[in-house]
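S.K.: Supplied structure: coords_21.cif, mmCIF, C-alpha atoms.
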```cif
data_work
#
loop_
_atom_site.label_atom_id
_atom_site.label_comp_id
_atom_site.auth_asym_id
_atom_site.auth_seq_id
_atom_site.Cartn_x
_atom_site.Cartn_y
_atom_site.Cartn_z
CA ALA D 117 17.38 -4.93 8.60
CA VAL D 118 17.69 -4.11 4.91
CA TYR D 119 15.06 -5.53 2.55
CA VAL D 120 15.53 -5.97 -1.20
CA SER D 121 13.72 -7.51 -4.14
CA PHE D 122 15.89 -9.28 -6.74
CA TRP D 123 15.13 -10.70 -10.19
CA ASP D 124 17.38 -13.27 -11.87
CA GLY D 125 15.79 -12.85 -15.29
CA LYS D 126 13.01 -15.27 -14.48
CA ASP D 127 12.12 -15.43 -10.79
CA VAL D 128 11.69 -12.78 -8.09
CA THR D 129 13.07 -13.23 -4.57
CA ILE D 130 12.72 -10.97 -1.53
CA LEU D 131 15.64 -11.05 0.89
CA ALA D 132 16.44 -9.53 4.27
CA TYR D 133 19.98 -8.71 5.44
CA ASP D 134 21.37 -7.40 8.69
CA PHE D 135 23.65 -4.36 8.73
CA GLN D 136 26.75 -6.55 8.47
CA GLY D 137 25.48 -8.01 5.18
CA GLU D 138 24.47 -11.40 6.55
CA LYS D 139 21.30 -12.86 5.06
CA LEU D 140 18.48 -13.22 7.57
CA TRP D 141 15.87 -14.83 5.30
CA SER D 142 14.68 -15.10 1.71
CA LYS D 143 11.34 -15.81 0.09
CA ALA D 144 10.86 -16.90 -3.52
CA LEU D 145 7.90 -15.28 -5.29
CA GLY D 146 8.11 -17.21 -8.57
CA THR D 147 8.20 -15.93 -12.12
CA PHE D 148 7.39 -12.38 -13.20
CA ASN D 149 5.64 -11.65 -16.49
CA SER D 150 6.37 -8.25 -18.07
CA GLN D 151 7.87 -6.45 -21.02
CA HIS D 152 10.33 -4.70 -18.69
CA GLY D 153 10.79 -7.12 -15.79
CA PRO D 154 10.01 -6.36 -12.12
CA GLY D 155 10.97 -3.12 -10.41
CA ALA D 156 8.55 -2.56 -7.54
CA SER D 157 9.91 -1.55 -4.13
CA PRO D 158 8.57 -3.01 -0.87
CA ILE D 159 7.62 -0.74 2.03
CA LEU D 160 7.78 -1.26 5.78
CA PHE D 161 4.91 -0.74 8.20
CA GLU D 162 5.29 -1.90 11.81
CA ASP D 163 6.11 -5.64 11.58
CA LYS D 164 5.07 -5.94 7.92
CA LEU D 165 7.06 -5.83 4.69
CA ILE D 166 4.49 -5.01 1.98
CA LEU D 167 4.95 -5.55 -1.77
CA ALA D 168 2.59 -4.98 -4.71
CA ASN D 169 3.66 -7.62 -7.24
CA ASP D 170 1.68 -6.48 -10.30
CA MET D 171 2.37 -8.28 -13.61
CA ASP D 172 1.22 -8.16 -17.23
CA LYS D 173 -1.94 -10.09 -18.02
CA ASP D 174 -0.25 -11.77 -21.02
CA ASP D 175 3.20 -12.25 -22.52
CA PHE D 176 4.39 -9.14 -24.38
CA PHE D 177 5.78 -11.14 -27.33
CA THR D 178 3.62 -14.28 -27.58
CA LYS D 179 0.37 -12.80 -26.17
CA VAL D 180 -0.11 -16.02 -24.19
CA VAL D 181 -2.24 -15.28 -21.12
CA ASN D 182 -0.31 -15.18 -17.86
CA PRO D 183 -1.84 -17.82 -15.54
CA ARG D 184 -0.48 -16.15 -12.39
CA PRO D 185 -2.45 -13.33 -10.78
CA SER D 186 -0.92 -10.12 -9.56
CA VAL D 187 -0.64 -10.18 -5.76
CA LEU D 188 -0.44 -7.67 -2.92
CA MET D 189 1.35 -9.31 0.00
CA ALA D 190 2.59 -8.65 3.52
CA LEU D 191 5.49 -10.61 5.01
CA ASP D 192 6.71 -10.74 8.59
CA LYS D 193 9.78 -8.50 8.48
CA ARG D 194 11.63 -10.70 11.00
CA THR D 195 11.05 -14.11 9.38
CA GLY D 196 9.70 -13.62 5.85
CA LYS D 197 6.56 -15.60 6.77
CA LEU D 198 3.49 -14.66 4.74
CA LEU D 199 1.06 -12.70 6.92
CA TRP D 200 -1.56 -12.10 4.22
CA GLU D 201 -1.92 -11.82 0.47
CA THR D 202 -4.64 -10.45 -1.79
CA GLU D 203 -5.02 -11.30 -5.47
CA ARG D 204 -5.21 -8.32 -7.85
CA VAL D 205 -6.35 -7.97 -11.45
CA ALA D 206 -3.42 -8.21 -13.86
CA GLU D 207 -3.28 -5.77 -16.78
CA ARG D 208 0.16 -4.16 -17.13
CA ALA D 209 3.14 -4.52 -14.83
CA CYS D 210 3.17 -1.55 -12.43
CA TYR D 211 5.90 -0.32 -10.13
CA SER D 212 4.31 2.21 -7.80
CA ALA D 213 5.26 1.64 -4.18
CA PRO D 214 2.22 1.17 -1.90
CA PHE D 215 1.17 4.38 -0.17
CA LEU D 216 0.11 4.65 3.48
CA LEU D 217 -2.72 7.15 3.97
CA GLN D 218 -2.75 8.21 7.62
CA ARG D 219 -5.08 11.07 8.59
CA PRO D 220 -6.04 12.66 11.91
CA GLY D 221 -8.92 10.78 13.49
CA GLU D 222 -8.06 7.44 11.89
CA LYS D 223 -6.75 4.69 14.14
CA ARG D 224 -5.08 2.79 11.31
CA PRO D 225 -3.75 3.98 7.95
CA THR D 226 -5.25 2.88 4.64
CA LEU D 227 -2.89 1.05 2.29
CA ILE D 228 -3.30 2.47 -1.24
CA VAL D 229 -2.04 0.81 -4.43
CA THR D 230 -2.12 2.58 -7.80
CA SER D 231 -2.05 0.53 -10.99
CA THR D 232 -3.35 0.39 -14.55
CA THR D 233 -6.71 -1.02 -13.51
CA ALA D 234 -7.56 1.01 -10.41
CA VAL D 235 -6.54 3.05 -7.40
CA THR D 236 -7.39 0.72 -4.52
CA GLY D 237 -7.54 1.11 -0.74
CA TYR D 238 -6.81 -1.89 1.51
CA ASN D 239 -6.91 -2.72 5.20
CA VAL D 240 -3.23 -2.70 6.12
CA ASP D 241 -3.70 -5.38 8.80
CA ASN D 242 -5.32 -8.10 6.67
CA GLY D 243 -5.27 -7.01 3.02
CA VAL D 244 -9.07 -6.74 2.70
CA LYS D 245 -10.16 -4.33 -0.04
CA LEU D 246 -11.89 -1.23 1.37
CA TRP D 247 -12.63 0.72 -1.81
CA GLU D 248 -11.62 0.97 -5.43
CA ALA D 249 -11.59 3.82 -7.96
CA LYS D 250 -11.82 1.78 -11.16
CA GLY D 251 -11.34 2.80 -14.76
CA TRP D 252 -9.41 5.90 -13.82
CA GLN D 253 -7.54 5.87 -17.14
CA ALA D 254 -10.23 4.39 -19.38
CA HIS D 255 -11.87 7.62 -20.52
CA ALA D 256 -8.58 9.39 -21.18
CA VAL D 257 -6.41 7.02 -23.21
CA LYS D 258 -6.66 4.41 -25.96
CA THR D 259 -4.01 2.11 -24.49
CA PRO D 260 -3.93 1.36 -20.75
CA MET D 261 -0.94 3.01 -19.09
CA ARG D 262 1.28 1.59 -16.38
CA THR D 263 2.06 3.31 -13.09
CA VAL D 264 5.66 3.79 -11.97
CA ALA D 265 5.57 6.87 -9.74
CA SER D 266 4.18 6.73 -6.23
CA PRO D 267 1.30 9.11 -5.43
CA ALA D 268 1.49 12.35 -3.43
CA LEU D 269 -1.10 13.46 -0.86
CA VAL D 270 -1.95 17.15 -0.43
CA GLY D 271 -4.74 17.67 2.09
CA ASP D 272 -7.53 15.36 0.92
CA ILE D 273 -6.27 15.18 -2.70
CA LEU D 274 -4.24 12.18 -3.83
CA CYS D 275 -2.24 12.94 -6.98
CA VAL D 276 -1.64 9.81 -9.07
CA THR D 277 0.24 9.61 -12.36
CA SER D 278 0.69 7.08 -15.15
CA GLY D 279 2.29 6.80 -18.57
CA GLY D 280 3.40 4.65 -21.46
CA ASP D 281 3.51 4.65 -25.24
CA ALA D 282 0.08 6.31 -25.31
CA GLY D 283 1.31 9.40 -23.45
CA ARG D 284 0.87 10.70 -19.93
CA PHE D 285 -2.13 10.90 -17.62
CA ALA D 286 -2.41 12.32 -14.09
CA MET D 287 -5.38 12.82 -11.84
CA GLY D 288 -6.33 14.35 -8.51
CA LEU D 289 -8.53 12.05 -6.41
CA LYS D 290 -10.54 13.60 -3.57
CA ILE D 291 -10.37 11.26 -0.57
CA PRO D 292 -13.71 10.95 1.31
CA ALA D 293 -14.08 12.07 4.92
CA VAL D 294 -12.68 9.95 7.75
CA GLY D 295 -14.98 7.00 8.42
CA SER D 296 -16.42 6.83 4.90
CA THR D 297 -15.99 3.67 2.80
CA ASP D 298 -16.82 5.45 -0.46
CA ALA D 299 -14.26 5.38 -3.27
CA PRO D 300 -12.43 8.65 -4.01
CA LYS D 301 -13.85 10.88 -6.76
CA GLN D 302 -11.90 12.57 -9.52
CA ALA D 303 -11.24 16.27 -8.88
CA TRP D 304 -9.15 17.03 -12.00
CA GLU D 305 -7.03 15.43 -14.70
CA ASN D 306 -3.95 16.37 -16.72
CA ARG D 307 -2.91 14.61 -19.95
CA LYS D 308 0.40 16.33 -20.64
CA ASP D 309 2.50 17.89 -17.89
CA PHE D 310 2.89 15.37 -15.06
CA PRO D 311 5.67 12.75 -14.89
CA TYR D 312 5.51 9.07 -15.82
CA VAL D 313 8.53 7.71 -13.92
CA PRO D 314 9.53 10.36 -11.31
CA SER D 315 7.27 10.62 -8.27
CA PRO D 316 5.63 13.96 -7.41
CA ILE D 317 6.04 15.54 -3.96
CA ALA D 318 3.67 17.57 -1.81
CA HIS D 319 4.17 20.81 0.13
CA GLY D 320 1.52 23.18 1.47
CA GLU D 321 -1.35 23.36 -1.04
CA HIS D 322 0.78 22.36 -4.01
CA VAL D 323 2.22 19.32 -5.76
CA TYR D 324 5.69 19.59 -7.31
CA PHE D 325 7.51 17.41 -9.83
CA VAL D 326 10.21 17.10 -12.45
CA ASN D 327 8.83 15.23 -15.44
CA ASP D 328 10.50 12.81 -17.84
CA ILE D 329 11.52 15.47 -20.39
CA GLY D 330 13.17 17.77 -17.83
CA LEU D 331 10.35 20.20 -16.98
CA ALA D 332 9.89 21.19 -13.32
CA GLY D 333 6.37 22.11 -12.28
CA CYS D 334 4.17 23.33 -9.44
CA PHE D 335 0.40 22.79 -9.53
CA HIS D 336 -2.39 23.62 -7.10
CA ALA D 337 -3.42 20.24 -5.73
CA ALA D 338 -7.11 20.92 -5.14
CA THR D 339 -7.83 22.28 -8.62
CA GLY D 340 -5.03 20.94 -10.81
CA LYS D 341 -4.27 24.50 -11.96
CA ARG D 342 -0.72 25.25 -13.10
CA VAL D 343 1.27 27.69 -10.92
CA TRP D 344 4.50 27.43 -12.88
CA LEU D 345 6.25 25.07 -15.32
CA GLU D 346 9.88 25.63 -16.27
CA ARG D 347 12.52 23.73 -18.23
CA LEU D 348 15.50 22.45 -16.25
CA SER D 349 17.23 20.34 -18.89
CA ASP D 350 16.94 19.08 -22.45
CA ALA D 351 17.88 15.62 -21.21
CA GLY D 352 15.58 12.88 -20.00
CA PHE D 353 14.89 12.82 -16.27
CA HIS D 354 13.81 9.81 -14.20
CA ALA D 355 14.88 10.47 -10.60
CA SER D 356 12.28 11.55 -8.07
CA PRO D 357 12.93 14.93 -6.42
CA LEU D 358 13.22 15.37 -2.64
CA LEU D 359 11.99 18.18 -0.42
CA ILE D 360 14.48 19.38 2.25
CA ASP D 361 13.67 21.98 4.92
#
```
Would you put the structure from the file into structure tokens?

M.R.:
Amino acid sequence: AVYVSFWDGKDVTILAYDFQGEKLWSKALGTFNSQHGPGASPILFEDKLILANDMDKDDFFTKVVNPRPSVLMALDKRTGKLLWETERVAERACYSAPFLLQRPGEKRPTLIVTSTTAVTGYNVDNGVKLWEAKGWQAHAVKTPMRTVASPALVGDILCVTSGGDAGRFAMGLKIPAVGSTDAPKQAWENRKDFPYVPSPIAHGEHVYFVNDIGLAGCFHAATGKRVWLERLSDAGFHASPLLID
């Protein structure tokens, strides 16, 4: 099936269609509170359709507190039935797609969600929080940034990026050994070069990207050291690059 998330200007709905365009099911998720509206993409894992529905904590214009929590949810991909949901702290609307961390020696992958408030690992089968790297932006910026790009994994380093009016902030998180429940620790940070909207990609020991102002870059993932950074275009750039062969 094909799964999509729609917004009508007020409410969000997830829908499933077959390959002939016939609707299989739909599920209303209610209103979405944000300066920019919703834009998060769901991901598929086995029989689950997983969506991180992260909203602003208050209205951008009125500053009235949003009474609805942000929610991480898993739906049955065949029926749309809710399998599990986990409330999340609302700060700023974030759009990073959930990331599945699957490593040799692990029976099940860890579901990772990056947002303004934290980088959080969840049990993919029931939504239970396993660990949380909190305050990952707090020491670096005056205004909390939102996350749009999805992270990239190189070895045991997870590269996460964020941005907003306050600038750009990226970080390498060292993932603990298989079997550990400890939260990842920061290995390096970068406050200038990495993208806000485009997602980085991983290859070998390096992380690659094209950032929002048209600079392409390659950095060593374990250390955060620049290998090269070159201008591609004077125009803005928001598409995520792909790696082929």

S.K.: Taking the file as shown, what set of residues would the PyMOL selection byres ((chain D and resi 169-178) around 12) give back, as a ChimeraX atom specification?

M.R.: /D:121,128-130,145-158,166-168,179-190,201-214,229-234,260-264

S.K.: Smallest atom-to-atom distance to Gly340 of chain D: which of D:Pro300, D:Asp328, D:Ala355, D:Cys275, using only C-alpha atoms?

M.R.: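 Looking only at the distances to Gly340 of chain D, the closest residue turns out to be D:Cys275.
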
S.K.: Take the PyMOL selection byres ((chain D and resi 252) around 12), run it mentally on this structure, and tell me the resulting residues as a ChimeraX atom specification.

M.R.: /D:230-236,248-251,253-257,260-263,276-278,285-289,299-305

S.K.: If you apply the PyMOL selection byres ((chain D and resi 246) around 12) to this file, what residues do you get, as a PyMOL selection string?

M.R.: chain D and resi 225-229+235-245+247-249+295-300

S.K.: Of the candidates D:Val294, D:Ala117, D:Asp309, D:His319, which one gets nearest to Trp344 of chain D if we count all atoms listed in the file?

M.R.: D:Asp309

S.K.: Contacts of Phe135 of chain D at 9 Å or less, counting all atoms listed in the file, minus same-chain residues fewer than 2 places along, as an mmCIF file with C-alpha atoms, in the frame of the given file?

M.R.:
```
data_model
loop_
_atom_site.group_PDB
_atom_site.id
_atom_site.type_symbol
_atom_site.label_atom_id
_atom_site.label_comp_id
_atom_site.auth_asym_id
_atom_site.auth_seq_id
_atom_site.Cartn_x
_atom_site.Cartn_y
_atom_site.Cartn_z
ATOM 1 C CA ALA D 117 17.380 -4.930 8.600
ATOM 2 C CA VAL D 118 17.690 -4.110 4.910
ATOM 3 C CA TYR D 133 19.980 -8.710 5.440
ATOM 4 C CA GLY D 137 25.480 -8.010 5.180
ATOM 5 C CA GLU D 138 24.470 -11.400 6.550
#
```

S.K.: Just how far from atom CA of Asn306 of chain D is atom CA of Ala338 of chain D, in Å to one decimal?

M.R.: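 Distance between the two atoms: 12.8 Å.
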
S.K.: Pick out the closest residue to Lys290 of chain D from this set: D:Thr195, D:Thr339, D:Asn327, D:Thr259. Count all atoms listed in the file.

M.R.: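 Answer, going by the shortest atom-to-atom distance: D:Thr339.
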
S.K.: Mind giving me the straight-line distance from atom CA of Ile329 of chain D to atom CA of Ala351 of chain D in Å, one decimal?

M.R.: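 Rounded to one decimal, the two atoms are 6.4 Å apart.
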